[in-house]
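Asks: mmCIF, C-alpha atoms, file model.cif:
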data_coords
loop_
_atom_site.group_PDB
_atom_site.id
_atom_site.type_symbol
_atom_site.label_atom_id
_atom_site.label_comp_id
_atom_site.auth_asym_id
_atom_site.auth_seq_id
_atom_site.Cartn_x
_atom_site.Cartn_y
_atom_site.Cartn_z
ATOM 1 C CA MET A 136 -40.574 -69.440 124.974
ATOM 2 C CA ALA A 137 -43.218 -70.459 122.441
ATOM 3 C CA VAL A 138 -44.088 -73.331 124.749
ATOM 4 C CA ALA A 139 -45.168 -70.885 127.455
ATOM 5 C CA THR A 140 -48.039 -69.761 125.271
ATOM 6 C CA LEU A 141 -49.533 -73.257 125.034
ATOM 7 C CA PRO A 142 -53.171 -73.001 126.030
ATOM 8 C CA HIS A 143 -53.888 -75.176 129.044
ATOM 9 C CA GLY A 144 -57.041 -76.589 127.488
ATOM 10 C CA ALA A 145 -55.164 -77.671 124.350
ATOM 11 C CA ALA A 146 -52.554 -79.445 126.403
ATOM 12 C CA ALA A 147 -55.195 -81.226 128.447
ATOM 13 C CA ALA A 148 -56.953 -82.326 125.282
ATOM 14 C CA HIS A 149 -53.794 -84.066 124.127
ATOM 15 C CA GLY A 150 -53.345 -85.753 127.481
ATOM 16 C CA ASP A 151 -49.782 -84.496 128.003
ATOM 17 C CA HIS A 152 -50.235 -82.911 131.434
ATOM 18 C CA GLY A 153 -46.864 -84.052 132.726
ATOM 19 C CA GLU A 154 -44.848 -82.478 129.929
ATOM 20 C CA VAL A 155 -46.750 -79.186 130.103
ATOM 21 C CA ASP A 156 -46.517 -79.109 133.911
ATOM 22 C CA GLN A 157 -42.747 -79.500 133.664
ATOM 23 C CA LEU A 158 -42.551 -76.772 131.037
ATOM 24 C CA TYR A 159 -44.736 -74.524 133.175
ATOM 25 C CA VAL A 160 -42.441 -74.965 136.157
ATOM 26 C CA GLU A 161 -39.351 -74.368 134.017
ATOM 27 C CA THR A 162 -40.671 -71.244 132.314
ATOM 28 C CA ARG A 163 -42.528 -69.704 135.269
ATOM 29 C CA ALA A 164 -39.390 -68.172 136.772
ATOM 30 C CA LEU A 165 -38.441 -66.696 133.388
ATOM 31 C CA ARG A 166 -41.892 -65.201 132.912
ATOM 32 C CA LEU A 167 -41.801 -63.783 136.427
ATOM 33 C CA GLN A 168 -38.421 -62.191 135.800
ATOM 34 C CA GLY A 169 -39.649 -60.773 132.491
ATOM 35 C CA PHE A 170 -42.703 -59.283 134.154
ATOM 36 C CA LEU A 171 -40.622 -57.817 136.970
ATOM 37 C CA LEU A 172 -38.318 -56.234 134.379
ATOM 38 C CA PHE A 173 -41.379 -54.663 132.770
ATOM 39 C CA LEU A 174 -42.424 -53.249 136.160
ATOM 40 C CA VAL A 175 -38.897 -51.934 136.776
ATOM 41 C CA SER A 176 -38.944 -50.190 133.377
ATOM 42 C CA ASP A 177 -42.313 -48.659 134.254
ATOM 43 C CA CYS A 178 -40.857 -47.570 137.588
ATOM 44 C CA VAL A 179 -38.007 -45.827 135.729
ATOM 45 C CA LEU A 180 -40.559 -44.048 133.534
ATOM 46 C CA PHE A 181 -42.482 -42.722 136.547
ATOM 47 C CA SER A 182 -39.272 -41.856 138.414
ATOM 48 C CA SER A 183 -38.035 -39.759 135.477
ATOM 49 C CA PHE A 184 -41.240 -37.734 135.395
ATOM 50 C CA ILE A 185 -41.391 -37.415 139.200
ATOM 51 C CA PHE A 186 -37.817 -36.164 139.500
ATOM 52 C CA ALA A 187 -38.266 -33.771 136.564
ATOM 53 C CA TYR A 188 -41.390 -32.382 138.243
ATOM 54 C CA LEU A 189 -39.680 -32.030 141.644
ATOM 55 C CA TYR A 190 -36.649 -30.352 140.069
ATOM 56 C CA MET A 191 -38.791 -27.785 138.251
ATOM 57 C CA ARG A 192 -41.009 -27.285 141.297
ATOM 58 C CA ASN A 193 -38.046 -26.529 143.539
ATOM 59 C CA SER A 194 -36.568 -24.090 141.059
ATOM 60 C CA GLY A 195 -39.692 -21.880 141.200
ATOM 61 C CA GLN A 196 -40.821 -19.157 143.612
ATOM 62 C CA GLY A 197 -43.164 -20.776 146.116
ATOM 63 C CA TRP A 198 -45.665 -23.578 145.615
ATOM 64 C CA PRO A 199 -48.304 -23.800 144.278
ATOM 65 C CA PRO A 200 -47.766 -20.896 141.840
ATOM 66 C CA ALA A 201 -49.725 -17.694 142.389
ATOM 67 C CA GLY A 202 -53.333 -17.927 141.259
ATOM 68 C CA ILE A 203 -53.613 -21.652 141.856
ATOM 69 C CA ASN A 204 -55.331 -22.885 145.004
ATOM 70 C CA HIS A 205 -54.160 -25.916 146.931
ATOM 71 C CA LEU A 206 -55.536 -29.276 145.850
ATOM 72 C CA ASP A 207 -58.405 -30.924 147.742
ATOM 73 C CA VAL A 208 -56.453 -33.186 150.122
ATOM 74 C CA ALA A 209 -59.522 -34.708 151.833
ATOM 75 C CA PHE A 210 -61.031 -35.897 148.548
ATOM 76 C CA ALA A 211 -57.678 -37.196 147.321
ATOM 77 C CA ALA A 212 -57.235 -39.079 150.623
ATOM 78 C CA VAL A 213 -60.591 -40.814 150.099
ATOM 79 C CA ASN A 214 -59.666 -41.668 146.516
ATOM 80 C CA SER A 215 -56.284 -42.985 147.721
ATOM 81 C CA VAL A 216 -57.950 -45.195 150.322
ATOM 82 C CA VAL A 217 -60.186 -46.583 147.564
ATOM 83 C CA LEU A 218 -57.134 -47.491 145.465
ATOM 84 C CA PHE A 219 -55.174 -48.906 148.413
ATOM 85 C CA GLY A 220 -58.261 -50.888 149.423
ATOM 86 C CA SER A 221 -58.314 -52.398 145.933
ATOM 87 C CA GLY A 222 -54.710 -53.526 146.489
ATOM 88 C CA ALA A 223 -55.798 -55.372 149.626
ATOM 89 C CA THR A 224 -58.782 -57.019 147.886
ATOM 90 C CA MET A 225 -56.530 -58.082 144.984
ATOM 91 C CA HIS A 226 -54.135 -59.697 147.435
ATOM 92 C CA TYR A 227 -56.974 -61.670 149.008
ATOM 93 C CA ALA A 228 -58.318 -62.621 145.576
ATOM 94 C CA LEU A 229 -55.002 -64.300 144.752
ATOM 95 C CA GLU A 230 -54.781 -65.921 148.200
ATOM 96 C CA ASN A 231 -58.251 -67.408 147.788
ATOM 97 C CA TRP A 232 -57.362 -68.665 144.316
ATOM 98 C CA LYS A 233 -54.302 -70.406 145.781
ATOM 99 C CA HIS A 234 -56.535 -72.017 148.410
ATOM 100 C CA ASN A 235 -59.040 -73.179 145.787
ATOM 101 C CA ASN A 236 -61.848 -70.994 147.093
ATOM 102 C CA PHE A 237 -63.415 -69.737 143.874
ATOM 103 C CA GLY A 238 -66.389 -67.977 145.517
ATOM 104 C CA LYS A 239 -64.251 -65.707 147.669
ATOM 105 C CA TYR A 240 -61.775 -65.237 144.800
ATOM 106 C CA ALA A 241 -64.589 -64.001 142.548
ATOM 107 C CA PHE A 242 -65.892 -61.688 145.279
ATOM 108 C CA PHE A 243 -62.501 -60.070 145.913
ATOM 109 C CA MET A 244 -61.649 -59.873 142.197
ATOM 110 C CA ILE A 245 -64.919 -58.105 141.369
ATOM 111 C CA ALA A 246 -64.408 -55.813 144.388
ATOM 112 C CA THR A 247 -60.951 -54.934 143.053
ATOM 113 C CA ILE A 248 -62.299 -54.097 139.609
ATOM 114 C CA ILE A 249 -65.107 -51.967 141.096
ATOM 115 C CA LEU A 250 -62.721 -50.114 143.434
ATOM 116 C CA GLY A 251 -60.345 -49.479 140.522
ATOM 117 C CA ALA A 252 -63.216 -48.057 138.471
ATOM 118 C CA MET A 253 -64.277 -45.930 141.477
ATOM 119 C CA PHE A 254 -60.767 -44.493 141.694
ATOM 120 C CA LEU A 255 -60.905 -43.561 138.012
ATOM 121 C CA ALA A 256 -64.326 -41.927 138.498
ATOM 122 C CA GLY A 257 -62.878 -39.953 141.429
ATOM 123 C CA GLN A 258 -59.961 -38.845 139.304
ATOM 124 C CA ALA A 259 -62.301 -37.763 136.514
ATOM 125 C CA TYR A 260 -64.326 -35.768 139.068
ATOM 126 C CA GLU A 261 -61.169 -34.103 140.366
ATOM 127 C CA TYR A 262 -59.997 -33.240 136.841
ATOM 128 C CA THR A 263 -63.397 -31.740 136.039
ATOM 129 C CA ASN A 264 -63.332 -29.666 139.220
ATOM 130 C CA LEU A 265 -59.809 -28.454 138.563
ATOM 131 C CA TYR A 266 -60.523 -27.563 134.953
ATOM 132 C CA PHE A 267 -63.900 -25.864 135.309
ATOM 133 C CA LYS A 268 -63.767 -24.403 138.828
ATOM 134 C CA GLU A 269 -60.079 -23.755 139.444
ATOM 135 C CA HIS A 270 -59.214 -23.186 135.760
ATOM 136 C CA VAL A 271 -56.142 -25.406 136.036
ATOM 137 C CA SER A 272 -55.230 -27.098 132.753
ATOM 138 C CA TRP A 273 -52.418 -29.172 131.347
ATOM 139 C CA ALA A 274 -51.142 -26.516 128.950
ATOM 140 C CA GLY A 275 -52.293 -23.300 130.619
ATOM 141 C CA SER A 276 -51.064 -23.606 134.205
ATOM 142 C CA GLY A 277 -47.313 -23.841 133.843
ATOM 143 C CA ILE A 278 -45.254 -26.503 135.560
ATOM 144 C CA PHE A 279 -47.960 -27.189 138.119
ATOM 145 C CA GLY A 280 -50.645 -28.060 135.565
ATOM 146 C CA ALA A 281 -48.279 -29.884 133.243
ATOM 147 C CA GLY A 282 -46.718 -31.909 136.064
ATOM 148 C CA PHE A 283 -49.985 -32.717 137.786
ATOM 149 C CA PHE A 284 -51.933 -33.762 134.708
ATOM 150 C CA THR A 285 -49.012 -35.609 133.093
ATOM 151 C CA LEU A 286 -48.170 -37.703 136.149
ATOM 152 C CA THR A 287 -51.677 -38.360 137.438
ATOM 153 C CA GLY A 288 -52.866 -38.884 133.859
ATOM 154 C CA MET A 289 -50.108 -41.414 133.231
ATOM 155 C CA HIS A 290 -51.045 -43.166 136.460
ATOM 156 C CA GLY A 291 -54.734 -43.030 135.528
ATOM 157 C CA PHE A 292 -53.867 -44.651 132.206
ATOM 158 C CA HIS A 293 -52.100 -47.446 134.099
ATOM 159 C CA VAL A 294 -55.145 -47.900 136.349
ATOM 160 C CA THR A 295 -57.408 -48.035 133.273
ATOM 161 C CA VAL A 296 -55.185 -50.685 131.710
ATOM 162 C CA GLY A 297 -55.163 -52.507 135.065
ATOM 163 C CA VAL A 298 -58.960 -52.539 135.320
ATOM 164 C CA ILE A 299 -59.200 -53.975 131.783
ATOM 165 C CA TYR A 300 -56.388 -56.453 132.539
ATOM 166 C CA LEU A 301 -58.073 -57.666 135.745
ATOM 167 C CA THR A 302 -61.413 -57.990 133.966
ATOM 168 C CA VAL A 303 -59.781 -60.147 131.274
ATOM 169 C CA LEU A 304 -58.012 -62.238 133.951
ATOM 170 C CA PHE A 305 -61.294 -62.728 135.794
ATOM 171 C CA LEU A 306 -63.080 -63.843 132.621
ATOM 172 C CA GLN A 307 -60.192 -66.182 131.825
ATOM 173 C CA SER A 308 -60.342 -67.699 135.301
ATOM 174 C CA VAL A 309 -64.115 -68.186 134.960
ATOM 175 C CA HIS A 310 -63.513 -70.023 131.681
ATOM 176 C CA GLY A 311 -60.950 -72.348 133.245
ATOM 177 C CA VAL A 312 -57.751 -70.928 131.786
ATOM 178 C CA TYR A 313 -56.073 -71.078 135.205
ATOM 179 C CA THR A 314 -55.899 -73.944 137.663
ATOM 180 C CA LYS A 315 -54.940 -74.218 141.326
ATOM 181 C CA ASP A 316 -51.343 -74.945 140.309
ATOM 182 C CA LYS A 317 -51.046 -72.844 137.147
ATOM 183 C CA TYR A 318 -52.033 -69.239 137.681
ATOM 184 C CA PHE A 319 -49.096 -67.113 136.615
ATOM 185 C CA GLY A 320 -51.446 -64.657 134.882
ATOM 186 C CA LEU A 321 -53.163 -63.955 138.199
ATOM 187 C CA THR A 322 -49.801 -63.510 139.935
ATOM 188 C CA ALA A 323 -48.726 -61.045 137.231
ATOM 189 C CA GLY A 324 -52.039 -59.201 137.508
ATOM 190 C CA THR A 325 -51.618 -58.904 141.279
ATOM 191 C CA LEU A 326 -48.049 -57.641 140.882
ATOM 192 C CA TYR A 327 -49.188 -55.048 138.348
ATOM 193 C CA TRP A 328 -52.038 -53.869 140.550
ATOM 194 C CA HIS A 329 -49.780 -53.559 143.615
ATOM 195 C CA PHE A 330 -47.307 -51.605 141.474
ATOM 196 C CA VAL A 331 -50.047 -49.173 140.437
ATOM 197 C CA ASP A 332 -50.967 -48.754 144.138
ATOM 198 C CA VAL A 333 -47.396 -48.103 145.185
ATOM 199 C CA ILE A 334 -46.873 -45.498 142.450
ATOM 200 C CA TRP A 335 -49.931 -43.686 143.796
ATOM 201 C CA VAL A 336 -48.331 -43.559 147.276
ATOM 202 C CA ALA A 337 -45.515 -41.511 145.708
ATOM 203 C CA LEU A 338 -47.821 -39.325 143.582
ATOM 204 C CA PHE A 339 -50.236 -38.655 146.440
ATOM 205 C CA SER A 340 -47.314 -37.611 148.641
ATOM 206 C CA ILE A 341 -45.680 -35.242 146.162
ATOM 207 C CA PHE A 342 -48.851 -33.543 144.913
ATOM 208 C CA TYR A 343 -50.992 -33.358 148.024
ATOM 209 C CA LEU A 344 -48.748 -33.628 151.065
ATOM 210 C CA ILE A 345 -45.505 -31.729 150.419
ATOM 211 C CA MET B 93 -71.340 -31.352 158.708
ATOM 212 C CA ASP B 94 -69.844 -30.237 155.409
ATOM 213 C CA ILE B 95 -68.627 -32.526 152.642
ATOM 214 C CA SER B 96 -64.969 -32.004 153.530
ATOM 215 C CA ASN B 97 -65.483 -33.385 157.049
ATOM 216 C CA ILE B 98 -67.347 -36.410 155.665
ATOM 217 C CA GLU B 99 -64.460 -37.020 153.252
ATOM 218 C CA ARG B 100 -61.990 -36.769 156.139
ATOM 219 C CA ILE B 101 -63.938 -39.297 158.217
ATOM 220 C CA ILE B 102 -64.107 -41.725 155.268
ATOM 221 C CA ALA B 103 -60.362 -41.287 154.654
ATOM 222 C CA ILE B 104 -59.542 -41.947 158.326
ATOM 223 C CA ALA B 105 -61.852 -44.973 158.637
ATOM 224 C CA GLY B 106 -60.759 -46.394 155.270
ATOM 225 C CA GLY B 107 -57.097 -45.760 156.056
ATOM 226 C CA ILE B 108 -57.380 -47.645 159.359
ATOM 227 C CA ILE B 109 -59.152 -50.595 157.689
ATOM 228 C CA VAL B 110 -56.699 -50.847 154.784
ATOM 229 C CA ALA B 111 -53.682 -50.462 157.100
ATOM 230 C CA ILE B 112 -54.929 -53.248 159.395
ATOM 231 C CA VAL B 113 -55.833 -55.550 156.495
ATOM 232 C CA SER B 114 -52.489 -55.035 154.759
ATOM 233 C CA ALA B 115 -50.600 -55.543 158.046
ATOM 234 C CA ILE B 116 -52.472 -58.830 158.653
ATOM 235 C CA ALA B 117 -51.808 -59.954 155.071
ATOM 236 C CA LEU B 118 -48.119 -59.096 155.503
ATOM 237 C CA LYS B 119 -47.958 -61.026 158.770
ATOM 238 C CA ASN B 120 -49.666 -64.073 157.228
ATOM 239 C CA ASP B 121 -47.319 -64.033 154.221
ATOM 240 C CA TRP B 122 -44.176 -63.292 156.213
ATOM 241 C CA LYS B 123 -42.646 -66.763 155.897
ATOM 242 C CA THR B 124 -43.722 -67.587 152.344
ATOM 243 C CA PRO B 125 -40.783 -68.343 150.027
ATOM 244 C CA GLY B 126 -40.258 -67.386 146.377
ATOM 245 C CA LEU B 127 -39.373 -64.250 144.442
ATOM 246 C CA ASP B 128 -42.994 -63.279 143.737
ATOM 247 C CA ASN B 129 -43.901 -63.545 147.415
ATOM 248 C CA GLN B 130 -40.934 -61.356 148.401
ATOM 249 C CA ILE B 131 -42.220 -58.694 145.992
ATOM 250 C CA PHE B 132 -45.736 -59.089 147.404
ATOM 251 C CA LYS B 133 -44.398 -58.529 150.910
ATOM 252 C CA LEU B 134 -42.602 -55.366 149.800
ATOM 253 C CA MET B 135 -45.741 -54.132 148.050
ATOM 254 C CA LEU B 136 -47.912 -54.916 151.093
ATOM 255 C CA ALA B 137 -45.521 -52.978 153.329
ATOM 256 C CA LEU B 138 -45.721 -49.989 150.952
ATOM 257 C CA LEU B 139 -49.503 -50.378 150.824
ATOM 258 C CA PHE B 140 -49.539 -50.205 154.628
ATOM 259 C CA ILE B 141 -47.448 -47.013 154.519
ATOM 260 C CA GLY B 142 -49.777 -45.552 151.873
ATOM 261 C CA ALA B 143 -52.842 -46.312 153.975
ATOM 262 C CA VAL B 144 -51.233 -44.653 157.015
ATOM 263 C CA ILE B 145 -50.326 -41.599 154.905
ATOM 264 C CA ALA B 146 -53.914 -41.330 153.605
ATOM 265 C CA LEU B 147 -55.200 -41.710 157.167
ATOM 266 C CA LEU B 148 -52.894 -38.947 158.416
ATOM 267 C CA ALA B 149 -53.899 -36.726 155.486
ATOM 268 C CA GLY B 150 -57.559 -37.294 156.387
ATOM 269 C CA ALA B 151 -56.764 -36.371 159.999
ATOM 270 C CA HIS B 152 -55.036 -33.153 158.821
ATOM 271 C CA VAL B 153 -51.737 -34.282 160.324
ATOM 272 C CA LEU B 154 -50.153 -34.338 156.854
ATOM 273 C CA GLY B 155 -51.107 -32.247 153.875
ATOM 274 C CA ASN B 156 -50.952 -28.991 152.014
ATOM 275 C CA PHE B 157 -54.007 -27.108 153.212
ATOM 276 C CA PRO B 158 -55.598 -23.935 151.875
ATOM 277 C CA ALA B 159 -54.821 -20.815 153.880
ATOM 278 C CA ALA B 160 -57.676 -19.615 156.095
ATOM 279 C CA LYS B 161 -59.751 -16.837 154.583
ATOM 280 C CA GLY B 162 -58.459 -13.447 155.621
ATOM 281 C CA ALA B 163 -55.119 -14.843 156.765
#
Would you mind writing the file out in structure tokens?

Replies:
Amino acid sequence: MAVATLPHGAAAAHGDHGEVDQLYVETRALRLQGFLLFLVSDCVLFSSFIFAYLYMRNSGQGWPPAGINHLDVAFAAVNSVVLFGSGATMHYALENWKHNNFGKYAFFMIATIILGAMFLAGQAYEYTNLYFKEHVSWAGSGIFGAGFFTLTGMHGFHVTVGVIYLTVLFLQSVHGVYTKDKYFGLTAGTLYWHFVDVIWVALFSIFYLI
Amino acid sequence: MDISNIERIIAIAGGIIVAIVSAIALKNDWKTPGLDNQIFKLMLALLFIGAVIALLAGAHVLGNFPAAKGA
């Protein structure tokens, strides 16, 4: 697998495009499978926390617990649309890269990064509201606070990592690390970002809708 | 118009846009081969569902709403 880490520029400098292309094709499937395994393991992590939260929630007396108001569904719906919108822009960023349209790729990639950052700002605003106005905290509000802040915090951490990851991918693509035929990093970034979106579908449903 | 109604309108409009865009992307990618594209299709379908859920939450069809004052 050491071959998979060969920088494209270094290979081009040595004039061995054919060999590297062959190696890229041979190792791409392996890298894809490895990345999918990583996403599956992350899915297991989220599932464990989600099922633990649902189990504890259903063993209590009514929901949300006394003294805690319902969450702001309208604001969360807007924040969700922002995140889902970023999934759509990421998809079109990759499509435009595949079709060699760098201008549109850059536009959609930057839009994705901005929307991701907007989601994080919205989450920070919601946390602040909950903590200072509703007096809901991670440690002081029982299962509700612990479950809400642990799961949404874990998701927020993934979004933060995703925003950094996409920024790095964008800078790499600007500096010519990827080509029209070799762009596994962008594929992996798109998969990761879609995964983060899909996890939010589950979290939004369990915390705000049921 | 209070802030909650503005948020609801944004959620509904945004939900419709994202649902349409993800449905079009899914339709365009429907026949693409390869493992990564199959995953993308699954993710786009879930994205579509998420957008519809957010839209319905904005429209107050779904959601856990605060009890009316005095109720």

Asks: Could you jot down the CA of Asn129 in chain B to CA of Leu326 in chain A separation for me, Å, one decimal place?

Replies: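 CA of Leu326 in chain A lies at a distance of 9.7 Å from CA of Asn129 in chain B.
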
Asks: Using only C-alpha atoms, determine which residues lie at most 8 Å from range 106-116 of chain B, disregarding the query and same-chain residues fewer than 6 positions distant; provide the list as an MDAnalysis selection string.

Replies: (chainID A and resid 213 216:217 219:220 223) or (chainID B and resid 136:137 139:141 143:144 146:147)

Asks: If the PyMOL selection byres ((chain A) within 7 of (chain B)) is run on the structure shown, which residues does it catch, given as a list in words?

Replies: Asn204, His205, Val208, Ala209, Phe210, Ala212, Val213, Ser215, Val216, Phe219, Gly220, Ala223, His329, Val333, Val336, Tyr343, Leu344 and Ile345 of chain A

Asks: Could you list, as a compact mmCIF listing (two decimals) with C-alpha atoms, keeping the file's coordinate frame, every residue within 9 Å of range 263-280 of chain A, counting all atoms listed in the file and ignoring same-chain residues fewer than 2 positions away?

Replies:
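Written file, around.txt:
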# COMPACT_ATOMS: atom_id res chain seq x y z
CA TYR A 188 -41.39 -32.38 138.24
CA MET A 191 -38.79 -27.78 138.25
CA ARG A 192 -41.01 -27.28 141.30
CA TRP A 198 -45.66 -23.58 145.62
CA PRO A 199 -48.30 -23.80 144.28
CA PRO A 200 -47.77 -20.90 141.84
CA ILE A 203 -53.61 -21.65 141.86
CA ASN A 204 -55.33 -22.88 145.00
CA LEU A 206 -55.54 -29.28 145.85
CA GLN A 258 -59.96 -38.84 139.30
CA ALA A 259 -62.30 -37.76 136.51
CA TYR A 260 -64.33 -35.77 139.07
CA GLU A 261 -61.17 -34.10 140.37
CA GLY A 282 -46.72 -31.91 136.06
CA PHE A 283 -49.98 -32.72 137.79
CA PHE A 284 -51.93 -33.76 134.71
CA THR A 285 -49.01 -35.61 133.09

Asks: Would you work out the distance separating CA of Lys239 in chain A from CA of Leu174 in chain A, expressed in Å to one decimal?

Replies: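 Interatomic distance here is 27.6 Å.
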
Asks: So, with only C-alpha atoms as the atoms that count, which of A:Leu286, A:Ala256, A:Ala241, A:Ile334 lies closest to Ser308 in chain A?

Replies: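 For Ser308 in chain A, the nearest of the candidates is A:Ala241.
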
Asks: I'd like the interatomic distance between CA of Lys233 in chain A and CA of Gly311 in chain A, to a tenth of an Å.

Replies: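 If I compute the distance from CA of Lys233 in chain A to CA of Gly311 in chain A, I get 14.3 Å.
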